[in-house]
Amino acid sequence: MRVAWALALSIACCGVLPVGPVPRSGAQRALDSALSGTSAVAVVLGHDGRVIAMTRPEAARRLASAPGSTLKPLFLAAALRQGRARPETTVVCHGNLRIAGRDLACTHPRDVNVLDAERALAYSCNAWFANLATRSTPGQAADVLREYGLGSHSGSAGDESSGLVRVPASLAELQLLVLGLDDVEVTPAQLARAYFQLSRDLDHLPVVRRGLEGSIAYGMAHNAATAGVTIAGKTGTASDAGQTWTHGWFAGIASRVQERVVVVIYVPHGNGADAAGLAHHFFATWGRTAG
């Protein structure tokens, strides 16, 4: 299975996401059951990078929205590879954070105030990642996202949105980009491709893997935790320009027995916890199916 995953990943890294008709698979049945009665949009990729389940296909390819904290593992992986951060890099989080007039106070427990890279990812610490932003130039940060296929077509369809990746013009804008709140918009299909590519990094960057697994076990994505399914995932909550409401994301890599999938769920008028809860319902049903 590792060989098939690596071969498919090499295709996705070149900007072409293999596509084909979405079968009525066990994953599709599980997704339909989990999202029934909701307005959520979701994409599930199999071990070869192909779409094996999807809801609201047009929205999955064309709805571009701020991704929030789902970008944090991408920036952490790049910073570790490039030597701009180390696993033991710590930041003291005082709980309060304001950037360009925005209140971005962390929501993790107040007694968790000294965080290294792994715990910062698990707890989605805004202060840690705002500090990480200062270790790169605006151009470098934008390049990280482009390397993960954001800001360009995922290859899933000819009419899809390319989203948005804009080079920040100030330090505040750079920090907001790293936090996934400004100068970036992604579609569910694009984010699925990015996490498919991220899956390769997890074999070489155990800190990122442990941080994402910690997010499920005790951190901000704990609503997605499901017995019998190994999950490395992240949530995100953000608002788009001109909106007074938030939307939520869950993005993750899950495995059971010999099967591995990438799952992205977008919830309009919701938050990351809502998206993680829907992911749990998907994983619980998927974990009982044969494929």
# chains A, B, ... in the order shown; residues from 1 in each chain; ligands from 1
call {"tool": "residues_around", "arguments": {"residues": "Gly236 of chain A", "least_positions_apart": "5", "cutoff": "12 Å", "atoms": "only C-alpha atoms", "output": "VMD selection string"}}
result
chain A and resid 65 to 73 121 123 to 126 179 to 181 191 215 220 to 221 246 to 252 264 to 268 270 to 276
call {"tool": "residues_around", "arguments": {"residues": "segment 203-208 of chain A", "least_positions_apart": "2", "cutoff": "8 Å", "atoms": "only C-alpha atoms", "output": "NGL selection string"}}
result
:A and (73 or 76-77 or 80 or 87 or 117-118 or 121 or 199-201 or 210-212)
call {"tool": "write_last_selection", "arguments": {"atoms": "C-alpha atoms", "output": "mmCIF file, in the first residue's frame"}}
result
data_model
loop_
_atom_site.group_PDB
_atom_site.id
_atom_site.type_symbol
_atom_site.label_atom_id
_atom_site.label_comp_id
_atom_site.auth_asym_id
_atom_site.auth_seq_id
_atom_site.Cartn_x
_atom_site.Cartn_y
_atom_site.Cartn_z
ATOM 1 C CA PRO A 73 0.547 21.787 9.769
ATOM 2 C CA LEU A 76 5.047 23.762 10.425
ATOM 3 C CA ALA A 77 6.154 21.001 8.045
ATOM 4 C CA LEU A 80 10.943 22.117 10.023
ATOM 5 C CA PRO A 87 10.664 20.465 17.383
ATOM 6 C CA ALA A 117 5.989 22.552 18.096
ATOM 7 C CA GLU A 118 4.037 19.357 18.739
ATOM 8 C CA LEU A 121 -0.091 22.118 16.647
ATOM 9 C CA SER A 199 0.738 12.652 4.283
ATOM 10 C CA ARG A 200 4.180 12.039 2.750
ATOM 11 C CA ASP A 201 5.734 14.531 5.153
ATOM 12 C CA ARG A 210 2.279 13.525 16.585
ATOM 13 C CA GLY A 211 0.864 17.042 16.680
ATOM 14 C CA LEU A 212 -2.005 16.079 14.388
#
call {"tool": "residues_around", "arguments": {"residues": "Ala53 of chain A", "least_positions_apart": "6", "cutoff": "6 Å", "atoms": "only C-alpha atoms", "output": "MDAnalysis selection string"}}
result
chainID A and resid 27:28 44
call {"tool": "select_by_dssp", "arguments": {"residues": "segment 62-201 of chain A", "states": "alpha helix (DSSP H)", "output": "PyMOL selection string"}}
result
chain A and resi 62+72-82+117-122+126-133+138-147+171-178+188-201
call {"tool": "closest_residue", "arguments": {"among": "A:Arg86, A:Arg102, A:Arg209, A:Arg256", "to": "Asp182 of chain A", "atoms": "only C-alpha atoms"}}
result
A:Arg102
call {"tool": "atom_distance", "arguments": {"atom1": "atom CA of Glu185 of chain A", "atom2": "atom CA of His153 of chain A"}}
result
12.4 Å
call {"tool": "atom_distance", "arguments": {"atom1": "atom CA of Val51 of chain A", "atom2": "atom CA of Phe283 of chain A"}}
result
16.4 Å
call {"tool": "closest_residue", "arguments": {"among": "A:Leu74, A:Ala127, A:Ala59, A:Ala30", "to": "Val91 of chain A", "atoms": "only C-alpha atoms"}}
result
A:Ala127
call {"tool": "closest_residue", "arguments": {"among": "A:Asp111, A:Asp183, A:Glu259, A:Glu147", "to": "Ala64 of chain A", "atoms": "only C-alpha atoms"}}
result
A:Asp183
call {"tool": "atom_distance", "arguments": {"atom1": "atom CA of Ser33 of chain A", "atom2": "atom CA of Pro57 of chain A"}}
result
16.3 Å
call {"tool": "closest_atom_pairs", "arguments": {"of": "segment 70-94 of chain A", "to": "segment 135-140 of chain A", "cutoff": "12 Å", "atoms": "only C-alpha atoms", "output": "Markdown table"}}
result
| residue | atom | partner | partner_atom | distance |
| --- | --- | --- | --- | --- |
| A:Phe75 | CA | A:Ser136 | CA | 10.1 |
| A:Leu76 | CA | A:Arg135 | CA | 11.2 |
| A:Ala78 | CA | A:Gln140 | CA | 9.8 |
| A:Ala79 | CA | A:Arg135 | CA | 8.4 |
| A:Leu80 | CA | A:Arg135 | CA | 11.3 |
| A:Gln82 | CA | A:Ser136 | CA | 10.2 |
| A:Gly83 | CA | A:Arg135 | CA | 9.9 |
| A:Arg84 | CA | A:Arg135 | CA | 6.2 |
| A:Ala85 | CA | A:Arg135 | CA | 8.0 |
| A:Arg86 | CA | A:Arg135 | CA | 11.7 |
| A:Thr89 | CA | A:Arg135 | CA | 11.9 |
call {"tool": "write_last_selection", "arguments": {"atoms": "N, CA and C atoms", "output": "PDB file, in the first residue's frame"}}
result
ATOM      1  N   PHE A  75       2.484  24.866   7.273  1.00  0.00           N
ATOM      2  CA  PHE A  75       3.559  25.812   7.592  1.00  0.00           C
ATOM      3  C   PHE A  75       4.572  25.202   8.557  1.00  0.00           C
ATOM      4  N   LEU A  76       4.109  24.395   9.505  1.00  0.00           N
ATOM      5  CA  LEU A  76       5.047  23.762  10.425  1.00  0.00           C
ATOM      6  C   LEU A  76       5.939  22.776   9.683  1.00  0.00           C
ATOM      7  N   ALA A  78       6.859  22.805   6.569  1.00  0.00           N
ATOM      8  CA  ALA A  78       7.827  23.543   5.756  1.00  0.00           C
ATOM      9  C   ALA A  78       8.916  24.161   6.624  1.00  0.00           C
ATOM     10  N   ALA A  79       8.539  24.734   7.766  1.00  0.00           N
ATOM     11  CA  ALA A  79       9.522  25.369   8.643  1.00  0.00           C
ATOM     12  C   ALA A  79      10.513  24.350   9.193  1.00  0.00           C
ATOM     13  N   LEU A  80      10.045  23.155   9.526  1.00  0.00           N
ATOM     14  CA  LEU A  80      10.943  22.117  10.023  1.00  0.00           C
ATOM     15  C   LEU A  80      11.885  21.641   8.923  1.00  0.00           C
ATOM     16  N   GLN A  82      12.915  23.330   6.364  1.00  0.00           N
ATOM     17  CA  GLN A  82      13.815  24.410   5.962  1.00  0.00           C
ATOM     18  C   GLN A  82      14.668  24.934   7.108  1.00  0.00           C
ATOM     19  N   GLY A  83      14.518  24.379   8.300  1.00  0.00           N
ATOM     20  CA  GLY A  83      15.342  24.781   9.433  1.00  0.00           C
ATOM     21  C   GLY A  83      14.934  26.093  10.071  1.00  0.00           C
ATOM     22  N   ARG A  84      13.730  26.563   9.804  1.00  0.00           N
ATOM     23  CA  ARG A  84      13.260  27.817  10.408  1.00  0.00           C
ATOM     24  C   ARG A  84      12.582  27.587  11.751  1.00  0.00           C
ATOM     25  N   ALA A  85      12.409  26.343  12.098  1.00  0.00           N
ATOM     26  CA  ALA A  85      11.875  25.975  13.421  1.00  0.00           C
ATOM     27  C   ALA A  85      12.397  24.589  13.749  1.00  0.00           C
ATOM     28  N   ARG A  86      12.417  24.273  15.025  1.00  0.00           N
ATOM     29  CA  ARG A  86      12.836  22.960  15.490  1.00  0.00           C
ATOM     30  C   ARG A  86      11.729  22.377  16.366  1.00  0.00           C
ATOM     31  N   THR A  89      11.373  24.148  19.617  1.00  0.00           N
ATOM     32  CA  THR A  89      11.108  25.586  19.624  1.00  0.00           C
ATOM     33  C   THR A  89       9.887  25.875  20.486  1.00  0.00           C
TER      34      THR A  89
END
call {"tool": "select_by_dssp", "arguments": {"residues": "segment 4-148 of chain A", "states": "strand (DSSP E)", "output": "list in words"}}
result
Val41, Ala42, Val43, Val44, Leu45, Val51, Ile52, Ala53, Met54, Thr55, Val91, Val92, Arg98, Ile99, Arg102, Asp103, Val114 and Leu115 of chain A
call {"tool": "write_last_selection", "arguments": {"atoms": "N, CA and C atoms", "output": "PDB file, in the first residue's frame"}}
result
ATOM      1  N   VAL A  41     -20.000  20.346   3.011  1.00  0.00           N
ATOM      2  CA  VAL A  41     -19.359  19.940   1.765  1.00  0.00           C
ATOM      3  C   VAL A  41     -18.167  19.072   2.151  1.00  0.00           C
ATOM      4  N   ALA A  42     -17.969  17.954   1.451  1.00  0.00           N
ATOM      5  CA  ALA A  42     -16.892  17.057   1.847  1.00  0.00           C
ATOM      6  C   ALA A  42     -16.258  16.366   0.653  1.00  0.00           C
ATOM      7  N   VAL A  43     -14.976  16.032   0.822  1.00  0.00           N
ATOM      8  CA  VAL A  43     -14.214  15.286  -0.172  1.00  0.00           C
ATOM      9  C   VAL A  43     -13.429  14.204   0.555  1.00  0.00           C
ATOM     10  N   VAL A  44     -13.454  12.988   0.029  1.00  0.00           N
ATOM     11  CA  VAL A  44     -12.658  11.890   0.579  1.00  0.00           C
ATOM     12  C   VAL A  44     -11.796  11.327  -0.543  1.00  0.00           C
ATOM     13  N   LEU A  45     -10.494  11.262  -0.305  1.00  0.00           N
ATOM     14  CA  LEU A  45      -9.555  10.682  -1.262  1.00  0.00           C
ATOM     15  C   LEU A  45      -9.080   9.336  -0.750  1.00  0.00           C
ATOM     16  N   VAL A  51     -10.715  10.535  -5.860  1.00  0.00           N
ATOM     17  CA  VAL A  51     -11.914  10.828  -5.093  1.00  0.00           C
ATOM     18  C   VAL A  51     -12.715   9.540  -4.960  1.00  0.00           C
ATOM     19  N   ILE A  52     -12.979   9.128  -3.717  1.00  0.00           N
ATOM     20  CA  ILE A  52     -13.799   7.936  -3.494  1.00  0.00           C
ATOM     21  C   ILE A  52     -15.134   8.289  -2.855  1.00  0.00           C
ATOM     22  N   ALA A  53     -15.283   9.532  -2.403  1.00  0.00           N
ATOM     23  CA  ALA A  53     -16.564   9.984  -1.861  1.00  0.00           C
ATOM     24  C   ALA A  53     -16.584  11.507  -1.914  1.00  0.00           C
ATOM     25  N   MET A  54     -17.779  12.055  -2.117  1.00  0.00           N
ATOM     26  CA  MET A  54     -17.892  13.512  -2.218  1.00  0.00           C
ATOM     27  C   MET A  54     -19.348  13.903  -2.002  1.00  0.00           C
ATOM     28  N   THR A  55     -19.550  15.022  -1.356  1.00  0.00           N
ATOM     29  CA  THR A  55     -20.886  15.617  -1.290  1.00  0.00           C
ATOM     30  C   THR A  55     -20.820  16.987  -1.930  1.00  0.00           C
ATOM     31  N   VAL A  91       7.290  28.662  22.654  1.00  0.00           N
ATOM     32  CA  VAL A  91       6.729  30.006  22.747  1.00  0.00           C
ATOM     33  C   VAL A  91       5.843  30.039  23.989  1.00  0.00           C
ATOM     34  N   VAL A  92       5.955  31.130  24.751  1.00  0.00           N
ATOM     35  CA  VAL A  92       5.069  31.319  25.900  1.00  0.00           C
ATOM     36  C   VAL A  92       3.789  31.976  25.411  1.00  0.00           C
ATOM     37  N   ARG A  98      -3.707  39.898  19.663  1.00  0.00           N
ATOM     38  CA  ARG A  98      -4.405  40.785  18.740  1.00  0.00           C
ATOM     39  C   ARG A  98      -3.480  41.081  17.572  1.00  0.00           C
ATOM     40  N   ILE A  99      -4.018  40.951  16.371  1.00  0.00           N
ATOM     41  CA  ILE A  99      -3.270  41.242  15.152  1.00  0.00           C
ATOM     42  C   ILE A  99      -4.165  42.083  14.257  1.00  0.00           C
ATOM     43  N   ARG A 102      -7.685  42.435  15.275  1.00  0.00           N
ATOM     44  CA  ARG A 102      -8.485  41.224  15.449  1.00  0.00           C
ATOM     45  C   ARG A 102      -8.138  40.535  16.756  1.00  0.00           C
ATOM     46  N   ASP A 103      -9.159  40.102  17.443  1.00  0.00           N
ATOM     47  CA  ASP A 103      -8.962  39.344  18.677  1.00  0.00           C
ATOM     48  C   ASP A 103      -8.761  37.884  18.306  1.00  0.00           C
ATOM     49  N   VAL A 114       3.287  27.094  27.881  1.00  0.00           N
ATOM     50  CA  VAL A 114       4.607  26.976  27.258  1.00  0.00           C
ATOM     51  C   VAL A 114       4.520  25.800  26.291  1.00  0.00           C
ATOM     52  N   LEU A 115       4.566  26.107  25.000  1.00  0.00           N
ATOM     53  CA  LEU A 115       4.303  25.079  24.010  1.00  0.00           C
ATOM     54  C   LEU A 115       5.473  24.897  23.059  1.00  0.00           C
TER      55      LEU A 115
END
call {"tool": "closest_residue", "arguments": {"among": "A:Thr237, A:Thr226, A:His269, A:Ser36", "to": "Ala254 of chain A", "atoms": "only C-alpha atoms"}}
result
A:Thr226
